[in-house]
Structure formats: structure tokens, C-alpha cells
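Q: Structure: query-v4.txt, compact mmCIF, C-alpha atoms and all ligand atoms.
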```
# COMPACT_ATOMS: atom_id res chain seq x y z
CA MET B 102 45.26 170.02 38.48
CA GLU B 103 44.02 173.05 40.37
CA ARG B 104 47.09 175.00 39.34
CA VAL B 105 46.51 174.08 35.69
CA ASN B 106 42.91 175.31 35.89
CA LYS B 107 43.98 178.55 37.53
CA ASN B 108 46.53 179.02 34.80
CA MET B 109 43.87 178.36 32.16
CA ALA B 110 41.58 180.95 33.76
CA SER B 111 44.43 183.46 33.79
CA VAL B 112 45.27 182.74 30.15
CA ALA B 113 41.59 183.12 29.16
CA ALA B 114 41.42 186.43 31.02
CA ALA B 115 44.66 187.56 29.37
CA LEU B 116 43.27 186.80 25.91
CA ASP B 117 40.15 188.87 26.57
CA CYS B 118 40.59 192.14 24.66
CA ASP B 119 38.59 194.11 27.23
CA THR B 120 40.81 192.80 29.99
CA GLN B 121 43.84 194.05 28.07
CA LEU B 122 42.21 197.47 27.73
CA MET B 123 41.40 197.56 31.45
CA ILE B 124 45.01 196.71 32.29
CA ARG B 125 46.03 199.70 30.19
CA VAL B 126 43.50 201.87 32.04
CA LYS B 127 45.14 200.68 35.26
CA GLN B 128 48.47 201.82 33.83
CA GLY B 129 47.02 205.29 33.20
CA ASP B 130 45.88 205.03 29.58
CA GLY B 131 42.76 207.18 29.35
CA ALA B 132 42.13 206.33 25.70
CA SER B 133 41.54 202.69 26.65
CA PHE B 134 38.85 203.76 29.10
CA GLY B 135 37.18 205.65 26.25
CA VAL B 136 37.26 202.51 24.09
CA LEU B 137 35.72 200.39 26.89
CA LEU B 138 33.03 203.02 27.45
CA GLU B 139 32.19 203.19 23.74
CA LYS B 140 31.94 199.41 23.50
CA HIS B 141 29.93 198.71 26.65
CA ARG B 142 27.86 201.86 27.15
CA SER B 143 24.79 200.66 25.27
CA PRO B 144 24.72 197.04 26.52
CA VAL B 145 25.03 198.22 30.13
CA ILE B 146 22.34 200.91 29.79
CA HIS B 147 19.97 198.57 27.94
CA PHE B 148 20.45 195.87 30.58
CA LEU B 149 19.78 198.37 33.37
CA TYR B 150 16.78 199.82 31.56
CA ARG B 151 15.20 196.38 31.23
CA MET B 152 15.99 195.70 34.90
CA VAL B 153 14.49 198.89 36.36
CA GLN B 154 12.26 199.89 33.39
CA ASN B 155 13.01 203.56 33.76
CA GLN B 156 15.46 205.17 31.32
CA ALA B 157 16.54 208.05 33.57
CA VAL B 158 17.28 205.70 36.47
CA ALA B 159 19.03 203.25 34.10
CA GLU B 160 21.35 205.98 32.80
CA GLU B 161 22.07 207.20 36.31
CA LEU B 162 22.97 203.66 37.37
CA ALA B 163 25.12 203.20 34.26
CA GLN B 164 27.03 206.37 35.18
CA GLU B 165 27.69 204.82 38.56
CA VAL B 166 28.81 201.54 36.95
CA PHE B 167 31.45 203.26 34.81
CA LEU B 168 32.51 205.50 37.68
CA ARG B 169 33.10 202.41 39.81
CA VAL B 170 35.13 200.80 37.03
CA TYR B 171 37.19 203.98 36.83
CA ARG B 172 37.63 204.18 40.60
CA SER B 173 38.63 200.52 40.88
CA ARG B 174 41.24 200.68 38.10
CA GLY B 175 44.10 200.81 40.61
CA THR B 176 43.11 197.54 42.27
CA TYR B 177 41.86 195.77 39.12
CA GLU B 178 43.15 192.19 38.72
CA PRO B 179 42.41 190.25 35.52
CA THR B 180 41.02 187.15 37.23
CA ALA B 181 37.97 186.84 34.97
CA LYS B 182 36.39 188.36 31.88
CA PHE B 183 35.95 192.13 32.02
CA THR B 184 32.27 191.88 31.06
CA THR B 185 31.63 189.53 33.99
CA TRP B 186 33.00 192.15 36.35
CA LEU B 187 31.15 194.97 34.55
CA PHE B 188 27.78 193.20 34.70
CA ARG B 189 28.41 192.19 38.28
CA ILE B 190 28.65 195.86 39.22
CA ALA B 191 25.59 196.70 37.09
CA THR B 192 23.51 193.87 38.57
CA HIS B 193 24.57 194.77 42.11
CA LEU B 194 23.45 198.38 41.60
CA ALA B 195 20.20 197.39 39.88
CA LEU B 196 19.25 194.91 42.60
CA ASN B 197 19.97 197.55 45.28
CA THR B 198 17.83 200.09 43.43
CA LEU B 199 14.95 197.65 43.06
CA ARG B 200 15.25 196.66 46.72
CA ASP B 201 15.14 200.31 47.81
CA GLY B 202 12.31 201.11 45.40
CA LYS B 203 14.33 204.03 43.96
CA ASN B 204 13.15 203.23 40.44
CA GLN B 205 9.61 204.15 41.53
CA ARG B 206 10.55 207.74 42.38
CA MET B 207 10.37 208.95 38.83
CA GLU B 208 6.82 208.18 37.87
CA THR B 209 7.09 209.57 34.36
CA ARG B 210 8.42 206.89 32.07
CA LEU B 211 10.66 208.44 29.47
CA ASP B 212 9.50 205.91 26.91
CA ALA B 213 5.94 207.16 27.39
CA ASP B 214 6.45 209.16 24.22
CA VAL B 215 6.37 205.86 22.35
CA LEU B 216 2.92 205.16 23.76
CA GLU B 217 1.76 208.68 23.01
CA ALA B 218 3.25 208.86 19.54
CA PRO B 219 1.06 210.53 16.92
CA VAL B 220 -1.25 208.16 15.17
CA ARG B 221 -0.29 207.29 11.60
CA GLN B 222 -2.51 206.44 8.70
CA VAL B 223 -2.41 203.12 6.87
CA CYS B 224 -2.43 204.67 3.38
CA ASP B 225 1.31 205.51 3.42
CA GLY B 226 2.29 201.95 4.33
CA ARG B 227 2.92 202.78 7.97
CA PRO B 228 1.10 201.03 10.85
CA SER B 229 -2.53 202.01 11.31
CA VAL B 230 -3.93 203.32 14.60
CA GLU B 231 -5.18 199.90 15.47
CA GLN B 232 -1.91 198.18 14.56
CA SER B 233 0.08 200.66 16.65
CA MET B 234 -2.21 200.17 19.62
CA VAL B 235 -2.02 196.39 19.37
CA ARG B 236 1.76 196.56 19.11
CA GLU B 237 2.04 198.83 22.13
CA ALA B 238 -0.36 196.69 24.15
CA ARG B 239 1.77 193.62 23.39
CA LEU B 240 4.99 195.44 24.29
CA ASP B 241 3.44 196.62 27.52
CA GLU B 242 2.51 193.05 28.30
CA VAL B 243 6.09 191.90 27.67
CA ARG B 244 7.43 194.65 29.94
CA ARG B 245 4.98 193.72 32.69
CA ALA B 246 5.77 190.01 32.36
CA VAL B 247 9.50 190.68 32.73
CA ALA B 248 8.91 193.17 35.57
CA GLY B 249 6.84 190.52 37.35
CA LEU B 250 9.78 188.12 37.56
CA PRO B 251 11.74 187.95 40.83
CA ASP B 252 14.78 190.26 40.54
CA LYS B 253 17.45 187.56 40.20
CA GLN B 254 15.41 185.62 37.64
CA ARG B 255 14.96 188.83 35.65
CA ALA B 256 18.69 189.56 35.72
CA ALA B 257 19.46 186.01 34.58
CA VAL B 258 16.96 186.17 31.70
CA LEU B 259 18.21 189.56 30.50
CA MET B 260 21.84 188.43 30.48
CA HIS B 261 20.93 185.14 28.78
CA LYS B 262 18.63 186.61 26.16
CA TYR B 263 20.09 190.02 25.33
CA GLU B 264 23.77 189.66 26.29
CA ASP B 265 24.03 186.09 25.00
CA MET B 266 25.92 185.03 28.13
CA GLU B 267 26.72 181.41 28.93
CA TYR B 268 25.42 179.84 32.15
CA THR B 269 28.93 179.94 33.67
CA GLN B 270 29.29 183.66 33.09
CA ILE B 271 25.83 184.44 34.48
CA ALA B 272 26.73 182.31 37.51
CA ARG B 273 29.84 184.41 38.10
CA VAL B 274 27.89 187.65 37.72
CA LEU B 275 25.22 186.50 40.17
CA ASN B 276 27.77 184.81 42.44
CA CYS B 277 25.97 181.47 42.43
CA SER B 278 26.47 178.00 40.96
CA GLU B 279 25.79 177.10 37.35
CA SER B 280 23.00 174.75 38.42
CA ALA B 281 21.41 177.61 40.38
CA VAL B 282 21.48 179.75 37.21
CA LYS B 283 19.83 176.97 35.19
CA SER B 284 17.15 176.70 37.84
CA LEU B 285 16.61 180.51 37.83
CA LEU B 286 16.33 180.54 34.04
CA PHE B 287 14.01 177.55 33.76
CA ARG B 288 11.61 178.99 36.32
CA ALA B 289 11.75 182.43 34.71
CA TYR B 290 11.14 181.13 31.19
CA GLU B 291 8.35 178.89 32.43
CA THR B 292 6.61 181.94 33.92
CA LEU B 293 7.14 183.89 30.69
CA ARG B 294 5.85 181.02 28.53
CA ASN B 295 2.70 180.88 30.61
CA ARG B 296 2.19 184.65 30.58
CA LEU B 297 2.97 185.22 26.92
CA ALA B 298 1.54 182.02 25.41
CA HIS B 299 -1.41 183.85 23.86
CA MET B 300 0.97 185.96 21.73
CA ALA B 301 1.75 183.03 19.47
CA MET O 150 17.06 160.04 22.83
CA MET O 151 15.77 160.53 26.39
CA CYS O 152 13.08 163.19 26.83
CA PRO O 153 14.93 166.40 27.91
CA ILE O 154 12.01 167.41 30.14
CA GLU O 155 11.94 164.06 31.91
CA ILE O 156 15.67 164.09 32.63
CA GLY O 157 15.71 167.79 33.60
CA GLU O 158 17.73 168.93 30.57
CA GLN O 159 15.57 171.86 29.54
CA SER O 160 18.76 173.68 28.55
CA GLU O 161 18.80 171.45 25.47
CA LEU O 162 15.31 172.67 24.55
CA LEU O 163 16.21 176.30 25.30
CA ALA O 164 19.27 176.08 23.05
CA TYR O 165 17.25 174.40 20.30
CA SER O 166 14.44 176.96 20.39
CA GLY O 167 17.06 179.71 20.21
CA ARG O 168 18.69 177.91 17.24
CA LYS O 169 21.90 177.53 19.20
CA LEU O 170 22.06 173.76 19.47
CA GLU O 171 24.81 172.07 17.45
CA LEU O 172 23.56 170.30 14.34
CA SER O 173 23.91 166.64 15.38
CA ARG O 174 22.04 167.23 18.66
CA ALA O 175 19.42 169.35 16.91
CA VAL O 176 18.75 166.52 14.46
CA ALA O 177 18.37 164.02 17.32
CA LEU O 178 16.06 166.40 19.18
CA GLU O 179 13.92 166.98 16.10
CA ARG O 180 13.39 163.24 15.87
CA HIS O 181 12.31 163.23 19.51
CA LEU O 182 9.97 166.20 18.96
CA GLU O 183 8.01 164.20 16.39
CA SER O 184 6.80 161.90 19.16
CA CYS O 185 6.84 164.14 22.27
CA SER O 186 4.07 166.71 22.58
CA ALA O 187 5.43 168.12 25.88
CA CYS O 188 8.75 169.04 24.27
CA ARG O 189 7.00 170.43 21.17
CA GLU O 190 4.86 172.63 23.39
CA PHE O 191 7.98 173.79 25.25
CA VAL O 192 9.78 174.73 22.02
CA GLU O 193 6.77 176.56 20.54
CA GLY O 194 6.16 178.44 23.81
CA GLN O 195 9.80 179.39 24.12
CA ARG O 196 9.95 180.69 20.55
CA THR O 197 6.93 182.87 21.31
CA VAL O 198 8.72 184.23 24.39
CA TRP O 199 11.85 185.04 22.41
CA GLN O 200 9.91 186.72 19.63
CA ALA O 201 8.13 188.82 22.24
CA LEU O 202 11.43 189.75 23.91
CA ASP O 203 13.01 190.57 20.53
CA ALA O 204 10.28 193.15 19.94
CA TRP O 205 11.17 194.97 23.16
CA GLN O 206 13.41 197.81 22.00
CA THR O 207 15.10 200.22 24.38
CA PRO O 208 14.94 204.04 24.24
CA PRO O 209 17.96 205.87 22.80
CA VAL O 210 20.73 206.84 25.20
CA ALA O 211 20.89 210.52 26.13
CA GLY O 212 23.39 212.42 23.95
CA ASP O 213 25.21 213.92 26.91
CA PHE O 214 25.79 210.60 28.70
CA ASP O 215 29.57 210.63 28.17
CA GLY O 216 29.77 214.34 28.99
CA ARG O 217 28.01 213.81 32.30
CA LEU O 218 30.24 210.86 33.07
CA PHE O 219 33.46 212.76 32.31
CA ARG O 220 32.27 215.69 34.42
CA ARG O 221 31.71 213.31 37.33
CA MET O 222 35.09 211.69 36.71
CA GLU O 223 36.63 215.12 36.88
CA GLN O 224 35.31 215.49 40.40
CA GLU O 225 37.15 212.32 41.35
CA PRO O 226 40.74 212.62 42.58
CA ALA O 227 42.34 214.18 39.51
CA GLU O 228 44.43 212.35 36.96
CA TRP O 229 46.00 213.91 33.93
CA TRP O 230 44.49 211.52 31.40
CA ASN O 231 40.95 212.08 32.62
CA ARG O 232 41.20 215.76 31.74
CA TRP O 233 42.89 214.93 28.45
CA LEU O 234 40.21 212.39 27.46
CA ARG O 235 37.43 214.81 28.17
CA SER O 236 39.00 217.70 26.32
CA ALA O 237 39.93 215.45 23.36
CA LEU O 238 36.63 213.65 22.98
CA LEU O 239 34.16 216.35 23.89
CA ARG O 240 35.51 219.11 21.68
CA PRO O 241 32.51 220.59 19.82
CA GLY O 242 32.40 219.64 16.17
CA LEU O 243 34.92 216.80 16.48
CA PRO O 244 33.51 214.08 14.22
CA LEU O 245 33.15 210.61 15.72
CA ALA O 246 35.56 209.02 13.22
CA ALA O 247 38.19 211.66 13.98
CA ALA O 248 37.71 211.07 17.70
CA ALA O 249 38.09 207.31 17.17
CA CYS O 250 41.30 207.88 15.14
CA LEU O 251 42.60 210.12 17.89
CA VAL O 252 41.97 207.40 20.48
CA VAL O 253 43.75 204.77 18.34
CA ALA O 254 46.65 207.11 17.53
CA VAL O 255 47.21 208.02 21.16
CA GLY O 256 46.97 204.33 22.10
CA LEU O 257 49.73 203.56 19.57
CA ILE O 258 51.90 206.40 20.83
CA LEU O 259 51.50 205.17 24.41
CA GLU O 260 52.51 201.67 23.24
CA ARG O 261 55.81 202.91 21.73
CA PRO O 262 58.72 201.62 23.76
CA ASP O 263 60.63 204.90 23.33
CA ALA O 264 57.65 207.00 24.38
CA PRO O 265 58.38 209.41 27.22
CA PRO O 266 57.36 208.20 30.68
CA GLU O 267 53.80 209.01 31.60
CA PRO O 268 53.20 211.65 34.22
CA GLN O 269 52.52 210.15 37.61
CA PRO O 270 48.96 210.58 38.85
CA THR O 271 48.55 213.09 41.60
CA SER O 272 46.43 212.57 44.62
CA GLN O 273 43.88 215.16 45.66
CA VAL O 274 41.82 214.25 48.67
CA GLN O 275 40.51 217.61 49.72
CA ASN O 276 37.29 217.24 47.69
CA LEU O 277 36.44 213.77 48.95
CA GLN O 278 32.80 213.46 50.00
CA PRO O 279 31.46 210.95 52.59
CA GLU O 280 29.47 209.25 49.82
CA GLN O 281 32.66 208.75 47.80
CA VAL O 282 34.35 207.12 50.77
CA GLU O 283 31.35 204.83 51.25
CA ASN O 284 31.33 203.93 47.55
CA ALA O 285 35.06 203.28 47.61
CA PHE O 286 34.64 200.78 50.45
CA ASP O 287 31.70 199.23 48.59
CA ASP O 288 33.82 198.93 45.43
CA MET O 289 36.77 197.46 47.29
CA LYS O 290 34.54 194.87 48.93
CA MET O 291 32.87 193.95 45.61
CA LEU O 292 36.22 193.72 43.84
CA SER O 293 37.73 191.52 46.56
CA ASP O 294 34.58 189.32 46.64
CA PHE O 295 34.75 189.06 42.88
CA THR O 296 38.45 188.16 42.84
CA ARG O 297 37.85 185.51 45.51
CA ALA O 298 34.84 184.08 43.65
CA ALA O 299 36.75 183.98 40.36
CA ARG O 300 39.68 182.17 42.01
CA THR O 301 37.29 179.69 43.66
CA ASP O 302 35.62 179.09 40.29
CA ALA O 303 39.00 178.49 38.67
CA GLY O 304 39.85 176.02 41.42
CA GLU O 305 36.53 174.21 41.12
CA LEU O 306 36.76 173.62 37.36
ZN ZN F 1 10.17 165.12 25.37
```
Show how you would write the structure in this file as C-alpha cells.
A:
Amino acid sequence: MERVNKNMASVAAALDCDTQLMIRVKQGDGASFGVLLEKHRSPVIHFLYRMVQNQAVAEELAQEVFLRVYRSRGTYEPTAKFTTWLFRIATHLALNTLRDGKNQRMETRLDADVLEAPVRQVCDGRPSVEQSMVREARLDEVRRAVAGLPDKQRAAVLMHKYEDMEYTQIARVLNCSESAVKSLLFRAYETLRNRLAHMA
Amino acid sequence: MMCPIEIGEQSELLAYSGRKLELSRAVALERHLESCSACREFVEGQRTVWQALDAWQTPPVAGDFDGRLFRRMEQEPAEWWNRWLRSALLRPGLPLAAAACLVVAVGLILERPDAPPEPQPTSQVQNLQPEQVENAFDDMKMLSDFTRAARTDAGEL
């Protein structure tokens, strides 16, 4: 039975298009690395940005993620989905950064320009000053609510919500059981429901 | 149906509020929602959370992200394809579609059974920095942990 399951996991990994590309990278095909980068650049950076909430740090970490993929190509084994491995590296780096407080070094948030955007008038159909301020205040509240979650809960929520990952895949990324992931998510969403209830 | 909250099956409510529950279960849950205020409150609260999270957009990625990455890759122990990829994809004025075609075309050429053998990668260790060595060990450990975890998962299924 165990052998059958292992075979099924191998077959699933073999069918994964990204895994095929990574095998070609391992064989020295640079174009396949370019395809993987093009496909996963934005999801990885967006995930890291929402984890550390600093765009410059997120991009720096994403560089490190892809460098590590590149460096590990020689020892890569298709034992699981490529994205599981990719997000495992990204999560590992983000959690280390948060633990070391490196995301606090750059005090200037690059998305501050959104908050300081010129005020628009309502007559041309664009948001009024008041509407823009309300929108920004709400967004700031969302960012703070997510930032207030414990690191692992935050990672689980971001992968579940924005990457549309199943519990099993999140469990593999976070190296824990599926029931542990459910518990992380339920506690995280409960906190968010309580904090954001007034936005209804 | 049993109350999902009472039996600890909040995943059912999460899937429903995200409109990801299969139809037959969604219908059964909707019947339950008519009589269970706790589950209704859960679903309404969760939809508010997801609407709030949907509104959270991310800043655009810096235009030179790939350039920076390829420059850093170049500092790694050299491989022929790394230099090729950089020169091919970062040529000024090369339109994105043309670059994508180039990638596909080269992929096809490399797939041809009669294609000439690829040059063997060369090893250059003279530029290795202590940080690179540390990262390499870190990567090797993560990769071996990951492989072990994936095999354990496959065995546990
Ligand atoms: Zn109920």
C-alpha cells in the first residue's frame, strides 16, 4: 500500500508542469528557468510582501528564493509539487526575516505613495477626498490585522486566501500536519473576523 | 445536517463562504443556516474578511527585478546558459512577446533528439564567499528535509 502511495505521489509530481520545467533546469536548460521565473515571480513577491509588509524587503527575499532554486537545481528531486517547494523556501526566509526583525530596518514603506497620493475631486467620477481617506483607513486596518497574526497563522492565511492552496499543500509548506493547518487557519480567521467585523 | 461549528468542521463553513463548496453540500448547509444563527454569523463574518482581504492590492514589482536576479546569478559559479539567458532576455528593446517566442523556440531546439550535446557546466570556485557557503548548506538541509517530509507524507497517505 505504501509503495502504491509513493508511486502515486511520484506520478502526481511528474504530471506537474513546473516540476517538468525544473527537471529541465536541472539538465541545464536555462530557458525553463526563465519560464518558471516569469510564472512565479509575482505570486512569490506578493506573498512575501504581505508577510513582511515592506516591498523592498519582499523583493530582496524573492531574489533569494529564486537564487536558492537556481543553486539547488543540481540536487532537485521531484518528490512533491514545485510550488510547495518554492513556497517552503519563501516561507522559511520570511519567517527568519520576521524573527530577526530585518523588515523593520527600512522604515519608509514603499507603498506610502498610495497613502500620500494626490487628492482627486468627485466631479470627474473618481473617488472624493473623503472616499479615498476612508478606503485607505480600511486598507490600513486590514494590513494591521494581518500583521497582528502570529507568523505561522499569517503564512497559512496568505497561502489559503491568495494562493488558493489546499490544506495538504499548506501543511507540506509549513512542515506540519493537515489538522495543525486547519487549527492555524481557524484561529487566524477567527481573529480576523473579530477585528474586521465592523467593515461589513 | 450536524452543525459544522459543533462538530469542529469549520472548514465546511470556510469553503461555503468562499463559494468553493460543492453544490450538494452547499444546499444542505444552506438549509442548516436557516436555523443556525451561529453558522450564519460565521459565514457573514468570513465573507467580510474575504472582501477586506480582496481589497488589499500589492505594489507593482520593480522593473529591474529580473535584471538584478540575473546579475546575482552571474556571480554564482558560472554556467553557460545563465549568461545566455541574461543576454537573450535582457537585450534592450526586445519586446516581451519576442522574448517569450525565443524561450519557446530554444526549448524546442533543446528537446530535439538530434540536437548537439549541451556544453558541460564548468565549475568556478574562486569567487565563493563565506555567505554563499553558508547558504548552500542551508539550502541542502532544507532540500533534504523537504524530500524526507514529502516521502513521509507519501507514506502516510
Ligand atoms: Zn450551525
Q: Kindly provide, as a list in words, all nucleotide and amino acid residues lying within 9 Å of ligand ZN 1 (chain F), counting all atoms listed in the file.
A: Met150, Met151, Cys152, Pro153, Ile154, Glu155, Leu178, His181, Leu182, Ser184, Cys185, Ser186, Ala187, Cys188, Arg189 and Phe191 of chain O
Q: Write the residues you've just listed into a file as a PDB file, in the coordinates of the input, and include C-alpha atoms for each of them.
A:
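File result-v9.pdb, as written:
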```
ATOM      1  CA  MET O 150      17.060 160.040  22.830  1.00  0.00           C
ATOM      2  CA  MET O 151      15.770 160.530  26.390  1.00  0.00           C
ATOM      3  CA  CYS O 152      13.080 163.190  26.830  1.00  0.00           C
ATOM      4  CA  PRO O 153      14.930 166.400  27.910  1.00  0.00           C
ATOM      5  CA  ILE O 154      12.010 167.410  30.140  1.00  0.00           C
ATOM      6  CA  GLU O 155      11.940 164.060  31.910  1.00  0.00           C
ATOM      7  CA  LEU O 178      16.060 166.400  19.180  1.00  0.00           C
ATOM      8  CA  HIS O 181      12.310 163.230  19.510  1.00  0.00           C
ATOM      9  CA  LEU O 182       9.970 166.200  18.960  1.00  0.00           C
ATOM     10  CA  SER O 184       6.800 161.900  19.160  1.00  0.00           C
ATOM     11  CA  CYS O 185       6.840 164.140  22.270  1.00  0.00           C
ATOM     12  CA  SER O 186       4.070 166.710  22.580  1.00  0.00           C
ATOM     13  CA  ALA O 187       5.430 168.120  25.880  1.00  0.00           C
ATOM     14  CA  CYS O 188       8.750 169.040  24.270  1.00  0.00           C
ATOM     15  CA  ARG O 189       7.000 170.430  21.170  1.00  0.00           C
ATOM     16  CA  PHE O 191       7.980 173.790  25.250  1.00  0.00           C
TER      17      PHE O 191
END
```
Q: For each of O:Glu161, O:Ala201, O:Lys169, O:Arg220, take the minimum atom-to-atom distance to chain B, counting all atoms listed in the file, then give the residue where this is smallest.
A: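 Of the candidates, the smallest distance to chain B is held by O:Ala201.
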Q: Mind checking which residues fall within 8 Å of Phe134 of chain B, counting all atoms listed in the file, ignoring those fewer than 6 positions away in the same chain, and posting them as a short mmCIF file (atom, residue, chain, number, x, y, z; two decimals) with C-alpha atoms, keeping the file's coordinate frame?
A:
```
data_model
loop_
_atom_site.label_atom_id
_atom_site.label_comp_id
_atom_site.auth_asym_id
_atom_site.auth_seq_id
_atom_site.Cartn_x
_atom_site.Cartn_y
_atom_site.Cartn_z
CA LEU B 122 42.21 197.47 27.73
CA MET B 123 41.40 197.56 31.45
CA VAL B 126 43.50 201.87 32.04
CA TYR B 171 37.19 203.98 36.83
#
```
Q: With distances taken over all atoms listed in the file, which residue among O:Glu183, O:Leu202, O:Glu171, O:Glu190 lies nearest Val258 of chain B?
A: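 Among O:Glu183, O:Leu202, O:Glu171, O:Glu190, it is O:Leu202 that comes nearest to Val258 of chain B.
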Q: Grab the atom CA of Glu279 of chain B to atom CA of Gly157 of chain O distance for me, in Å with one decimal place.
A: 14.2 Å
